[in-house]
$ cat upload.cif   # mmCIF, C-alpha atoms
data_entry
#
loop_
_atom_site.label_atom_id
_atom_site.label_comp_id
_atom_site.auth_asym_id
_atom_site.auth_seq_id
_atom_site.Cartn_x
_atom_site.Cartn_y
_atom_site.Cartn_z
CA MET A 1 14.56 16.05 -16.42
CA THR A 2 14.37 12.37 -15.62
CA ARG A 3 12.29 10.36 -13.27
CA PRO A 4 13.66 8.11 -10.56
CA ILE A 5 14.45 4.50 -11.43
CA LYS A 6 11.14 2.64 -11.21
CA VAL A 7 11.16 -0.79 -9.59
CA VAL A 8 8.25 -3.21 -9.31
CA MET A 9 8.69 -5.40 -6.23
CA ALA A 10 6.66 -8.58 -5.83
CA LYS A 11 6.43 -11.59 -3.63
CA LEU A 12 6.40 -14.45 -6.07
CA GLY A 13 3.22 -16.48 -6.13
CA LEU A 14 1.88 -17.44 -2.74
CA ASP A 15 5.14 -16.90 -0.86
CA ILE A 16 4.24 -15.67 2.59
CA HIS A 17 7.60 -14.20 3.69
CA TRP A 18 7.51 -10.44 3.76
CA ARG A 19 10.47 -9.20 5.81
CA GLY A 20 13.11 -9.41 3.09
CA VAL A 21 11.03 -7.82 0.37
CA TYR A 22 9.98 -5.01 2.72
CA LEU A 23 13.57 -4.38 3.69
CA VAL A 24 14.81 -4.25 0.10
CA SER A 25 11.85 -2.09 -0.98
CA GLN A 26 12.48 0.44 1.73
CA PHE A 27 16.22 0.57 1.05
CA LEU A 28 15.61 1.14 -2.64
CA ARG A 29 13.16 3.89 -1.73
CA ASP A 30 15.82 5.47 0.47
CA ALA A 31 18.28 5.16 -2.40
CA GLY A 32 15.97 7.52 -4.32
CA MET A 33 14.00 5.05 -6.42
CA ASP A 34 10.27 4.79 -7.07
CA VAL A 35 9.28 1.40 -5.73
CA VAL A 36 5.92 -0.03 -6.74
CA TYR A 37 5.18 -2.66 -4.13
CA ILE A 38 2.59 -5.09 -5.45
CA GLY A 39 2.69 -7.84 -2.82
CA ASN A 40 1.85 -11.43 -3.72
CA LYS A 41 1.46 -11.79 -7.44
CA PHE A 42 1.66 -14.47 -10.11
CA PRO A 43 3.76 -14.09 -13.28
CA GLU A 44 0.90 -12.79 -15.46
CA GLN A 45 0.05 -10.09 -12.90
CA ILE A 46 3.69 -9.15 -12.40
CA VAL A 47 4.16 -8.69 -16.13
CA GLU A 48 0.97 -6.64 -16.37
CA ALA A 49 2.22 -4.38 -13.56
CA VAL A 50 5.67 -3.99 -15.13
CA MET A 51 4.10 -3.11 -18.46
CA GLN A 52 1.54 -0.58 -17.20
CA GLU A 53 4.01 1.03 -14.83
CA ASP A 54 6.71 1.04 -17.54
CA ALA A 55 9.14 -0.09 -14.86
CA ASP A 56 12.89 -0.27 -15.42
CA VAL A 57 13.40 -3.10 -12.98
CA VAL A 58 11.41 -5.95 -11.47
CA GLY A 59 12.39 -7.59 -8.22
CA MET A 60 10.93 -10.92 -7.16
CA SER A 61 11.23 -12.26 -3.67
CA THR A 62 10.93 -15.97 -3.13
CA LEU A 63 11.66 -18.18 -0.18
CA GLY A 64 9.20 -20.90 -1.05
CA GLY A 65 10.90 -22.85 -3.80
CA ASN A 66 9.00 -21.42 -6.75
CA HIS A 67 12.01 -19.52 -8.10
CA HIS A 68 12.43 -21.86 -11.02
CA SER A 69 8.82 -22.43 -11.99
CA LEU A 70 7.24 -19.01 -11.49
CA GLY A 71 10.46 -16.98 -11.69
CA LEU A 72 11.47 -18.19 -15.11
CA LYS A 73 7.88 -18.06 -16.30
CA THR A 74 7.86 -14.35 -15.42
CA VAL A 75 11.03 -13.82 -17.45
CA ARG A 76 9.50 -15.63 -20.40
CA LEU A 77 6.27 -13.63 -20.24
CA LEU A 78 8.24 -10.37 -20.00
CA LYS A 79 10.07 -11.25 -23.22
CA GLU A 80 6.83 -12.26 -24.95
CA GLY A 81 5.29 -8.96 -23.89
CA GLY A 82 8.09 -6.96 -25.52
CA LEU A 83 9.66 -6.06 -22.20
CA ASP A 84 13.19 -7.35 -22.91
CA ASN A 85 14.59 -4.06 -21.67
CA VAL A 86 13.40 -4.64 -18.11
CA LYS A 87 16.06 -5.85 -15.67
CA VAL A 88 15.00 -8.87 -13.62
CA PHE A 89 16.34 -9.54 -10.14
CA MET A 90 15.46 -12.28 -7.71
CA GLY A 91 16.18 -12.58 -4.03
CA GLY A 92 15.46 -14.85 -1.13
CA VAL A 93 16.27 -18.33 -0.06
CA ILE A 94 17.35 -19.98 -3.27
CA PRO A 95 19.78 -22.93 -3.33
CA PRO A 96 23.07 -21.59 -4.78
CA LYS A 97 23.23 -24.53 -7.16
CA HIS A 98 19.98 -23.33 -8.78
CA VAL A 99 21.37 -19.89 -9.52
CA PRO A 100 23.16 -20.71 -12.82
CA ALA A 101 19.92 -22.05 -14.30
CA LEU A 102 18.09 -18.87 -13.31
CA LEU A 103 20.77 -16.69 -14.87
CA GLU A 104 20.70 -18.88 -17.96
CA GLY A 105 16.93 -18.40 -18.10
CA GLY A 106 17.29 -14.63 -18.27
CA VAL A 107 17.36 -13.45 -14.66
CA ASN A 108 19.94 -10.67 -14.47
CA ARG A 109 21.09 -11.36 -10.93
CA VAL A 110 20.11 -13.44 -7.93
CA PHE A 111 20.66 -12.02 -4.45
CA LEU A 112 21.12 -14.65 -1.78
CA PRO A 113 20.55 -14.01 1.94
CA ASP A 114 24.10 -12.89 2.70
CA THR A 115 24.08 -10.08 0.11
CA PRO A 116 24.94 -6.66 1.59
CA MET A 117 22.17 -4.14 1.00
CA GLN A 118 24.58 -1.72 -0.66
CA THR A 119 25.40 -4.36 -3.26
CA ILE A 120 21.72 -4.64 -4.20
CA ILE A 121 21.40 -0.87 -4.46
CA ASP A 122 24.56 -0.58 -6.55
CA VAL A 123 23.57 -3.39 -8.88
CA VAL A 124 20.08 -1.96 -9.41
CA ASN A 125 21.47 1.54 -9.93
CA GLY A 126 24.08 0.26 -12.32
CA SER A 127 21.62 -1.80 -14.34
CA VAL A 128 19.58 1.16 -15.54
CA SER A 129 20.93 3.83 -17.83
CA VAL A 130 19.08 6.97 -16.89
CA MET B 1 9.80 2.79 -31.47
CA GLU B 2 9.30 5.93 -33.49
CA LEU B 3 7.09 8.51 -31.88
CA GLN B 4 4.47 8.33 -34.62
CA GLU B 5 4.27 4.57 -34.32
CA LEU B 6 4.06 4.83 -30.54
CA LEU B 7 1.26 7.38 -30.78
CA SER B 8 -0.80 5.39 -33.25
CA LYS B 9 -0.37 2.19 -31.25
CA ALA B 10 -1.35 3.96 -28.05
CA LEU B 11 -4.37 5.59 -29.62
CA ALA B 12 -5.37 2.12 -30.82
CA GLY B 13 -5.33 1.06 -27.17
CA GLU B 14 -2.06 -0.92 -26.92
CA THR B 15 -1.05 -1.14 -23.28
CA LEU B 16 2.73 -1.02 -23.74
CA ALA B 17 2.53 2.00 -26.04
CA ILE B 18 0.26 3.85 -23.62
CA ALA B 19 2.66 3.10 -20.75
CA ARG B 20 5.65 4.37 -22.74
CA LEU B 21 3.84 7.57 -23.76
CA ILE B 22 3.10 8.33 -20.12
CA SER B 23 6.78 7.80 -19.30
CA LEU B 24 7.89 10.23 -22.00
CA VAL B 25 5.70 12.89 -20.43
CA GLU B 26 6.69 11.90 -16.91
CA ARG B 27 10.39 12.22 -17.78
CA ARG B 28 9.81 15.58 -19.53
CA ASP B 29 11.41 13.99 -22.53
CA PRO B 30 12.12 16.48 -25.35
CA THR B 31 9.26 14.83 -27.25
CA ALA B 32 6.77 15.27 -24.37
CA HIS B 33 5.36 18.49 -25.77
CA GLU B 34 4.93 16.85 -29.16
CA VAL B 35 3.16 13.89 -27.50
CA MET B 36 0.62 16.10 -25.76
CA LYS B 37 0.02 18.10 -28.93
CA HIS B 38 -0.95 14.91 -30.73
CA ILE B 39 -2.93 13.55 -27.81
CA TYR B 40 -4.96 16.62 -27.03
CA PRO B 41 -7.40 16.54 -29.97
CA HIS B 42 -8.46 13.05 -28.84
CA VAL B 43 -9.11 14.08 -25.25
CA GLY B 44 -12.51 14.76 -23.77
CA ASN B 45 -14.49 11.55 -24.07
CA ALA B 46 -13.75 10.18 -20.63
CA TYR B 47 -15.38 11.03 -17.32
CA TYR B 48 -12.91 11.98 -14.58
CA VAL B 49 -13.42 10.85 -11.00
CA GLY B 50 -11.12 12.04 -8.23
CA ILE B 51 -10.65 10.11 -5.01
CA THR B 52 -9.03 11.87 -2.11
CA GLY B 53 -8.85 11.72 1.66
CA PRO B 54 -6.43 11.12 4.51
CA PRO B 55 -3.80 8.35 4.43
CA GLY B 56 -5.15 4.94 5.30
CA ALA B 57 -8.81 5.87 4.76
CA GLY B 58 -9.18 3.10 2.20
CA LYS B 59 -8.95 5.10 -1.02
CA SER B 60 -7.08 2.41 -2.93
CA THR B 61 -9.39 -0.35 -1.79
CA LEU B 62 -12.36 1.77 -2.84
CA VAL B 63 -10.69 2.34 -6.22
CA ASP B 64 -10.41 -1.42 -6.59
CA ARG B 65 -14.06 -1.99 -5.73
CA LEU B 66 -15.37 0.90 -7.84
CA THR B 67 -13.26 -0.28 -10.78
CA ARG B 68 -14.95 -3.67 -10.59
CA THR B 69 -18.34 -1.99 -10.71
CA PHE B 70 -17.40 0.31 -13.57
CA CYS B 71 -16.07 -2.67 -15.54
CA ALA B 72 -19.13 -4.78 -14.78
CA GLU B 73 -21.22 -1.93 -16.20
CA GLY B 74 -19.18 -2.05 -19.38
CA PHE B 75 -16.80 0.87 -18.92
CA SER B 76 -13.08 0.78 -19.56
CA VAL B 77 -11.11 2.31 -16.70
CA GLY B 78 -7.82 4.18 -16.50
CA ILE B 79 -6.38 4.84 -13.06
CA VAL B 80 -3.55 7.08 -11.92
CA ALA B 81 -2.65 6.71 -8.24
CA ILE B 82 -0.20 9.04 -6.55
CA ASP B 83 1.91 8.44 -3.47
CA PRO B 84 4.34 10.84 -1.81
CA SER B 85 8.03 11.22 -2.64
CA SER B 86 10.64 11.56 0.05
CA PRO B 87 11.88 15.12 0.50
CA PHE B 88 15.16 13.55 1.65
CA SER B 89 16.00 10.85 -0.87
CA GLY B 90 13.55 11.70 -3.66
CA GLY B 91 12.42 8.08 -3.61
CA ALA B 92 8.90 6.80 -3.10
CA LEU B 93 7.07 3.69 -2.01
CA LEU B 94 4.11 3.36 -4.36
CA GLY B 95 1.69 1.12 -2.55
CA ASP B 96 -1.69 1.70 -4.19
CA ARG B 97 -1.43 -1.00 -6.78
CA ILE B 98 -1.30 -3.72 -4.14
CA ARG B 99 -4.99 -3.05 -3.37
CA MET B 100 -5.95 -3.78 -6.95
CA ASN B 101 -7.11 -7.34 -6.88
CA VAL B 102 -9.67 -7.28 -9.64
CA LYS B 103 -10.19 -10.67 -11.17
CA LYS B 104 -10.58 -9.53 -14.73
CA LYS B 105 -13.46 -10.92 -16.71
CA PRO B 106 -13.24 -11.17 -20.50
CA GLY B 107 -13.51 -7.73 -22.06
CA TRP B 108 -12.61 -5.81 -18.92
CA ASP B 109 -10.15 -3.08 -19.77
CA ILE B 110 -8.17 -1.59 -16.88
CA PHE B 111 -4.96 0.42 -16.98
CA PHE B 112 -3.39 1.27 -13.63
CA ARG B 113 -0.44 3.59 -13.25
CA SER B 114 1.34 4.61 -10.05
CA MET B 115 3.05 7.97 -9.86
CA SER B 116 5.26 9.57 -7.25
CA ALA B 117 4.28 13.09 -6.26
CA GLY B 118 7.79 14.49 -6.61
CA LYS B 119 8.09 17.97 -5.22
CA THR B 120 4.47 19.00 -5.75
CA VAL B 121 2.29 19.71 -2.74
CA GLY B 122 -1.26 19.72 -4.09
CA GLY B 123 -1.91 15.98 -3.87
CA LEU B 124 -1.13 15.20 -7.53
CA ALA B 125 2.14 14.67 -9.40
CA GLU B 126 3.26 17.34 -11.83
CA THR B 127 2.32 15.26 -14.86
CA THR B 128 -0.80 13.53 -13.51
CA ARG B 129 -3.07 15.60 -15.75
CA GLU B 130 -1.06 14.67 -18.82
CA ALA B 131 -1.08 10.98 -17.85
CA THR B 132 -4.87 10.99 -17.46
CA ARG B 133 -5.29 12.77 -20.78
CA ILE B 134 -3.23 10.09 -22.48
CA LEU B 135 -5.49 7.44 -20.92
CA ASP B 136 -8.56 9.41 -22.03
CA ALA B 137 -7.29 9.80 -25.60
CA CYS B 138 -6.38 6.11 -25.72
CA GLY B 139 -9.94 5.06 -25.07
CA LYS B 140 -10.42 4.70 -21.32
CA GLN B 141 -13.97 5.83 -20.56
CA ILE B 142 -13.63 6.36 -16.85
CA ILE B 143 -10.53 8.02 -15.46
CA ILE B 144 -9.88 7.66 -11.75
CA ILE B 145 -7.26 9.79 -10.03
CA GLU B 146 -6.32 8.76 -6.53
CA THR B 147 -4.43 11.48 -4.70
CA VAL B 148 -1.73 11.06 -2.11
CA GLY B 149 -3.14 10.80 1.38
CA VAL B 150 -4.11 14.42 2.01
CA GLY B 151 -4.62 16.66 4.99
CA GLN B 152 -6.91 19.65 4.85
CA SER B 153 -5.50 21.73 2.06
CA GLU B 154 -4.11 19.63 -0.80
CA LEU B 155 -6.93 20.30 -3.20
CA ASP B 156 -5.50 20.09 -6.74
CA ILE B 157 -7.81 17.18 -7.47
CA VAL B 158 -10.70 19.63 -7.91
CA SER B 159 -9.05 21.15 -10.94
CA ALA B 160 -8.34 17.79 -12.56
CA THR B 161 -11.62 15.88 -12.22
CA ASP B 162 -15.39 16.09 -12.78
CA THR B 163 -16.55 14.37 -9.62
CA VAL B 164 -14.56 14.50 -6.39
CA LEU B 165 -15.07 11.74 -3.86
CA VAL B 166 -13.75 12.51 -0.40
CA VAL B 167 -13.11 9.38 1.64
CA LEU B 168 -13.20 9.65 5.42
CA VAL B 169 -13.31 7.12 8.25
CA PRO B 170 -15.28 7.09 11.51
CA GLU B 171 -12.15 8.36 13.27
CA SER B 172 -11.68 11.38 10.99
CA GLY B 173 -12.62 13.79 13.74
CA ASP B 174 -15.52 15.35 15.57
CA SER B 175 -18.16 17.74 14.25
CA VAL B 176 -15.79 20.71 14.48
CA GLN B 177 -13.24 19.02 12.23
CA ILE B 178 -16.02 18.47 9.74
CA MET B 179 -16.83 22.21 9.72
CA LYS B 180 -13.29 23.15 8.71
CA ALA B 181 -12.60 24.66 5.33
CA GLY B 182 -10.61 22.96 2.60
CA LEU B 183 -10.99 19.26 2.00
CA MET B 184 -14.57 19.16 3.29
CA GLU B 185 -15.59 21.82 0.77
CA ILE B 186 -14.40 20.10 -2.38
CA ALA B 187 -16.43 16.90 -2.14
CA ASP B 188 -19.19 16.16 -4.60
CA VAL B 189 -19.65 12.83 -2.92
CA PHE B 190 -18.56 11.67 0.54
CA ALA B 191 -17.77 8.13 1.61
CA VAL B 192 -17.47 7.24 5.26
CA ASN B 193 -15.36 4.15 4.72
CA LYS B 194 -14.64 1.42 7.28
CA SER B 195 -18.21 2.01 8.41
CA ASP B 196 -18.23 -1.38 10.09
CA ARG B 197 -16.40 0.41 12.91
CA SER B 198 -18.17 2.28 15.64
CA GLY B 199 -18.72 5.98 15.15
CA ALA B 200 -19.61 5.70 11.46
CA ASP B 201 -23.21 6.86 11.97
CA SER B 202 -22.24 9.97 13.88
CA MET B 203 -19.53 10.79 11.33
CA ALA B 204 -22.08 10.56 8.50
CA GLU B 205 -24.50 12.66 10.53
CA SER B 206 -21.85 15.34 11.22
CA ILE B 207 -21.17 15.59 7.50
CA ALA B 208 -24.87 15.80 6.68
CA ASN B 209 -25.36 18.51 9.31
CA MET B 210 -22.42 20.48 7.98
CA LEU B 211 -23.83 20.26 4.47
CA GLU B 212 -27.23 21.50 5.61
CA ARG B 213 -25.67 24.57 7.17
CA ARG B 214 -23.83 25.58 4.05
CA THR B 215 -25.02 28.45 1.96
CA THR B 216 -22.38 28.33 -0.75
CA PHE B 217 -23.67 25.02 -1.94
CA ARG B 218 -27.20 26.28 -2.51
CA LYS B 219 -25.97 28.40 -5.36
CA SER B 220 -24.43 25.45 -7.10
CA GLU B 221 -27.62 23.45 -6.51
CA TRP B 222 -25.78 20.24 -5.74
CA THR B 223 -25.79 18.91 -2.25
CA PRO B 224 -23.07 16.32 -1.88
CA SER B 225 -24.33 12.92 -0.97
CA VAL B 226 -22.90 10.90 1.91
CA PHE B 227 -22.41 7.14 1.67
CA MET B 228 -21.39 4.60 4.25
CA THR B 229 -18.98 2.05 2.86
CA ALA B 230 -16.75 -0.74 4.05
CA ALA B 231 -14.68 -1.47 0.97
CA MET B 232 -13.01 -4.57 2.37
CA ARG B 233 -16.43 -6.07 3.00
CA ASN B 234 -17.93 -4.80 -0.24
CA TRP B 235 -20.49 -2.78 1.67
CA GLY B 236 -22.10 0.19 0.04
CA ILE B 237 -20.12 0.04 -3.19
CA GLU B 238 -23.16 -0.12 -5.49
CA GLU B 239 -24.73 2.87 -3.72
CA LEU B 240 -21.50 4.84 -3.92
CA TYR B 241 -21.18 4.01 -7.60
CA ARG B 242 -24.70 5.24 -8.24
CA GLY B 243 -23.92 8.36 -6.20
CA ILE B 244 -21.00 9.17 -8.47
CA LEU B 245 -23.17 8.61 -11.54
CA SER B 246 -25.92 10.87 -10.25
CA HIS B 247 -23.41 13.68 -9.79
CA ARG B 248 -22.37 13.03 -13.38
CA GLU B 249 -25.99 13.23 -14.52
CA PHE B 250 -26.35 16.49 -12.62
CA LEU B 251 -23.28 17.92 -14.39
CA LEU B 252 -24.49 16.80 -17.78
CA LYS B 253 -27.58 19.00 -17.38
CA GLU B 254 -27.58 22.71 -18.19
CA ASP B 255 -24.00 22.65 -19.49
CA ARG B 256 -22.61 22.35 -15.97
CA LEU B 257 -19.87 19.92 -16.99
CA LYS B 258 -18.81 22.23 -19.79
CA LYS B 259 -18.64 25.13 -17.34
CA ARG B 260 -16.65 23.13 -14.79
CA ARG B 261 -14.16 22.01 -17.40
CA LYS B 262 -13.77 25.49 -18.85
CA THR B 263 -13.04 26.83 -15.37
CA GLN B 264 -10.38 24.14 -15.04
CA ILE B 265 -8.89 24.99 -18.43
CA ARG B 266 -8.69 28.65 -17.48
CA ALA B 267 -6.92 27.84 -14.21
CA GLU B 268 -4.53 25.48 -15.95
CA LEU B 269 -3.75 28.01 -18.66
CA LEU B 270 -2.95 30.65 -16.07
CA ARG B 271 -0.78 28.21 -14.19
CA LEU B 272 1.14 27.31 -17.33
CA ILE B 273 1.59 30.94 -18.35
CA GLU B 274 2.96 31.61 -14.90
CA LYS B 275 5.32 28.69 -15.30
CA GLU B 276 6.54 29.96 -18.68
CA LEU B 277 7.09 33.43 -17.30
CA THR B 278 9.01 32.01 -14.38
CA ARG B 279 11.17 30.07 -16.80
CA ILE B 280 11.85 33.19 -18.89
CA THR B 281 12.67 35.17 -15.78
CA TRP B 282 15.07 32.53 -14.53
CA GLU B 283 16.77 32.37 -17.90
CA HIS B 284 17.22 36.11 -17.76
CA MET B 285 18.51 35.95 -14.20
CA SER B 286 21.03 33.23 -14.95
CA ARG B 287 22.28 35.12 -18.03
CA ASN B 288 22.79 38.34 -16.12
CA ASN B 289 23.67 36.65 -12.88
CA ASN B 290 22.85 39.67 -10.77
CA LEU B 291 21.05 37.85 -7.99
CA ASP B 292 24.04 37.95 -5.63
CA GLN B 293 24.58 41.61 -6.34
CA LEU B 294 20.95 42.38 -5.52
CA VAL B 295 21.13 40.38 -2.30
CA GLU B 296 24.13 42.50 -1.25
CA GLN B 297 22.32 45.73 -2.06
CA ILE B 298 19.27 44.64 -0.09
CA TRP B 299 21.47 43.54 2.79
CA ALA B 300 23.17 46.96 2.81
CA ARG B 301 19.73 48.62 2.88
CA LYS B 302 20.46 50.32 -0.42
CA LYS B 303 17.40 48.73 -1.92
CA ASP B 304 14.25 47.12 -0.58
CA PRO B 305 13.33 43.62 -1.80
CA GLU B 306 10.21 44.74 -3.64
CA SER B 307 12.02 47.40 -5.67
CA ALA B 308 14.74 44.92 -6.55
CA ALA B 309 12.16 42.41 -7.74
CA ARG B 310 10.40 45.04 -9.84
CA GLU B 311 13.67 46.05 -11.39
CA ILE B 312 14.18 42.50 -12.62
CA ALA B 313 10.60 42.34 -13.84
CA VAL B 314 11.09 45.52 -15.87
CA GLN B 315 14.24 44.07 -17.41
CA VAL B 316 12.39 40.91 -18.39
CA GLU B 317 9.55 42.96 -19.78
CA ARG B 318 11.94 44.96 -21.94
CA GLN B 319 13.53 41.81 -23.18
CA LEU B 320 10.10 40.45 -24.14
CA ASP B 321 9.39 43.71 -25.98
CA LEU B 322 12.66 43.38 -27.87
CA SER B 323 11.97 39.81 -28.88
CA GLN B 324 8.56 40.96 -30.15
CA SER B 325 9.92 43.56 -32.56
#

$ encode --input "upload.cif" --output "structure tokens"
Amino acid sequence: MTRPIKVVMAKLGLDIHWRGVYLVSQFLRDAGMDVVYIGNKFPEQIVEAVMQEDADVVGMSTLGGNHHSLGLKTVRLLKEGGLDNVKVFMGGVIPPKHVPALLEGGVNRVFLPDTPMQTIIDVVNGSVSV
Amino acid sequence: MELQELLSKALAGETLAIARLISLVERRDPTAHEVMKHIYPHVGNAYYVGITGPPGAGKSTLVDRLTRTFCAEGFSVGIVAIDPSSPFSGGALLGDRIRMNVKKKPGWDIFFRSMSAGKTVGGLAETTREATRILDACGKQIIIIETVGVGQSELDIVSATDTVLVVLVPESGDSVQIMKAGLMEIADVFAVNKSDRSGADSMAESIANMLERRTTFRKSEWTPSVFMTAAMRNWGIEELYRGILSHREFLLKEDRLKKRRKTQIRAELLRLIEKELTRITWEHMSRNNNLDQLVEQIWARKKDPESAAREIAVQVERQLDLSQS
């Protein structure tokens, strides 16, 4: 017996936008995953949640320009905490030219606003070996 | 990580190791049984508090506020919070953790774990007990279980905790609702949360009246206490905290806690035996694959369902006898 894929979903830092992260959370739920929605959180709190929940995946939503600063800090803290196995996804309004740097920094995939929902579900599903 | 290393790290209190142990049990990993065998001797030092009540009553926010108080009083806290799984997709939105906004002070030790209820219907997940035992064994002094939002009859929390807190709101119903059996009977402590809203006084009064009328409680000598809280405003948290502790003090006298826990162990043992027997029966059924045949016979009125069931039971019994000798 296995458990569903467990995803921690957070709004990065003080980002106020909620619609996108709600939408993705609910779609992942409907795709059969356990989605821990933690709302606005800073990197240290996100990493703590991922660790205690033993999540397979963390999703960070950002539309406020903190993708580089807080996003990459989260990736770094995950690695320092021994959580290299956790897949990291980001989504939101992120300038396409910033994406390579995020991927370089250890983010597994960045979903920009035009991403079909099914793509997100497939990528998350495919990223975790159950 | 090797299992032994994982176990010793978890027992030493390492967060990541504790989290991974819980996952092994949650996944029913082949090692899960081994994990619990090693954990069990270390269990029994924590005090278990259950928090239950209807959806949206403020259970999670109360957990957050109570956790702060427990930590400020020097206790380490382990929390397992359960939310429902979809019967359609199997997925779940676990939204209890978002209420946890404790600003940790140095030395505060909190472990919070969300669980989806899966297919269970009693308000807990199938492996909630195991998860809390792992937290207990790994040094958390207070264990809090927050159930899914319940209705009137999801009462498994009683068999998993020492003190049950039932959280209601001013809108939880009139005095007749309060008289109903089930949820209202399992509380050791009541909280009328969101008591900054109108109707809180009469709700608290209805509960108090109901409690006065009850005869079953007199035997157990504990009359549940009723507290008015407004968790978002930090109202009544200290009083509620002390209410939980006084129930604990009550249980610690005259071996009451021991009795309560032994009753729980007995119920759990019976449940597990039942589960094992079901498993054995299903194994037998799938080997002999005569379910379809029996259905046909029952359909043709050649056999009644009860006789058919007994027939299978006798076969299983014989098989057990054979494996004995």

$ interface_residues --input "upload.cif" --of "chain B" --to "chain A" --cutoff "9 Å" --atoms "only C-alpha atoms" --output "ChimeraX atom specification"
/B:15-16,18-20,22-23,26-29,85-86,88-100,111-116

$ atom_distance --input "upload.cif" --atom1 "CA of Ala46 (chain B)" --atom2 "CA of Ile207 (chain B)"
29.6 Å

$ resolve_selection --input "upload.cif" --expression "the PyMOL selection byres ((chain A and resi 87) around 8)" --output "MDAnalysis selection string"
chainID A and resid 56:58 84:86 88:89 107:108 127:128

$ write_last_selection --input "upload.cif" --atoms "C-alpha atoms" --output "PDB file, keeping the file's coordinate frame"
ATOM      1  CA  ASP A  56      12.890  -0.270 -15.420  1.00  0.00           C
ATOM      2  CA  VAL A  57      13.400  -3.100 -12.980  1.00  0.00           C
ATOM      3  CA  VAL A  58      11.410  -5.950 -11.470  1.00  0.00           C
ATOM      4  CA  ASP A  84      13.190  -7.350 -22.910  1.00  0.00           C
ATOM      5  CA  ASN A  85      14.590  -4.060 -21.670  1.00  0.00           C
ATOM      6  CA  VAL A  86      13.400  -4.640 -18.110  1.00  0.00           C
ATOM      7  CA  VAL A  88      15.000  -8.870 -13.620  1.00  0.00           C
ATOM      8  CA  PHE A  89      16.340  -9.540 -10.140  1.00  0.00           C
ATOM      9  CA  VAL A 107      17.360 -13.450 -14.660  1.00  0.00           C
ATOM     10  CA  ASN A 108      19.940 -10.670 -14.470  1.00  0.00           C
ATOM     11  CA  SER A 127      21.620  -1.800 -14.340  1.00  0.00           C
ATOM     12  CA  VAL A 128      19.580   1.160 -15.540  1.00  0.00           C
TER      13      VAL A 128
END

$ atom_distance --input "upload.cif" --atom1 "CA of Val121 (chain B)" --atom2 "CA of Val80 (chain B)"
16.7 Å

$ resolve_selection --input "upload.cif" --expression "the PyMOL selection byres ((chain A and resi 94) around 12)" --output "list in words"
Met60, Ser61, Thr62, Leu63, Gly64, Gly65, Asn66, His67, His68, Gly71, Met90, Gly91, Gly92, Val93, Pro95, Pro96, Lys97, His98, Val99, Pro100, Ala101, Leu102, Val110, Phe111, Leu112, Pro113 and Asp114 of chain A

$ atom_distance --input "upload.cif" --atom1 "CA of Ile244 (chain B)" --atom2 "CA of Glu185 (chain B)"
16.6 Å
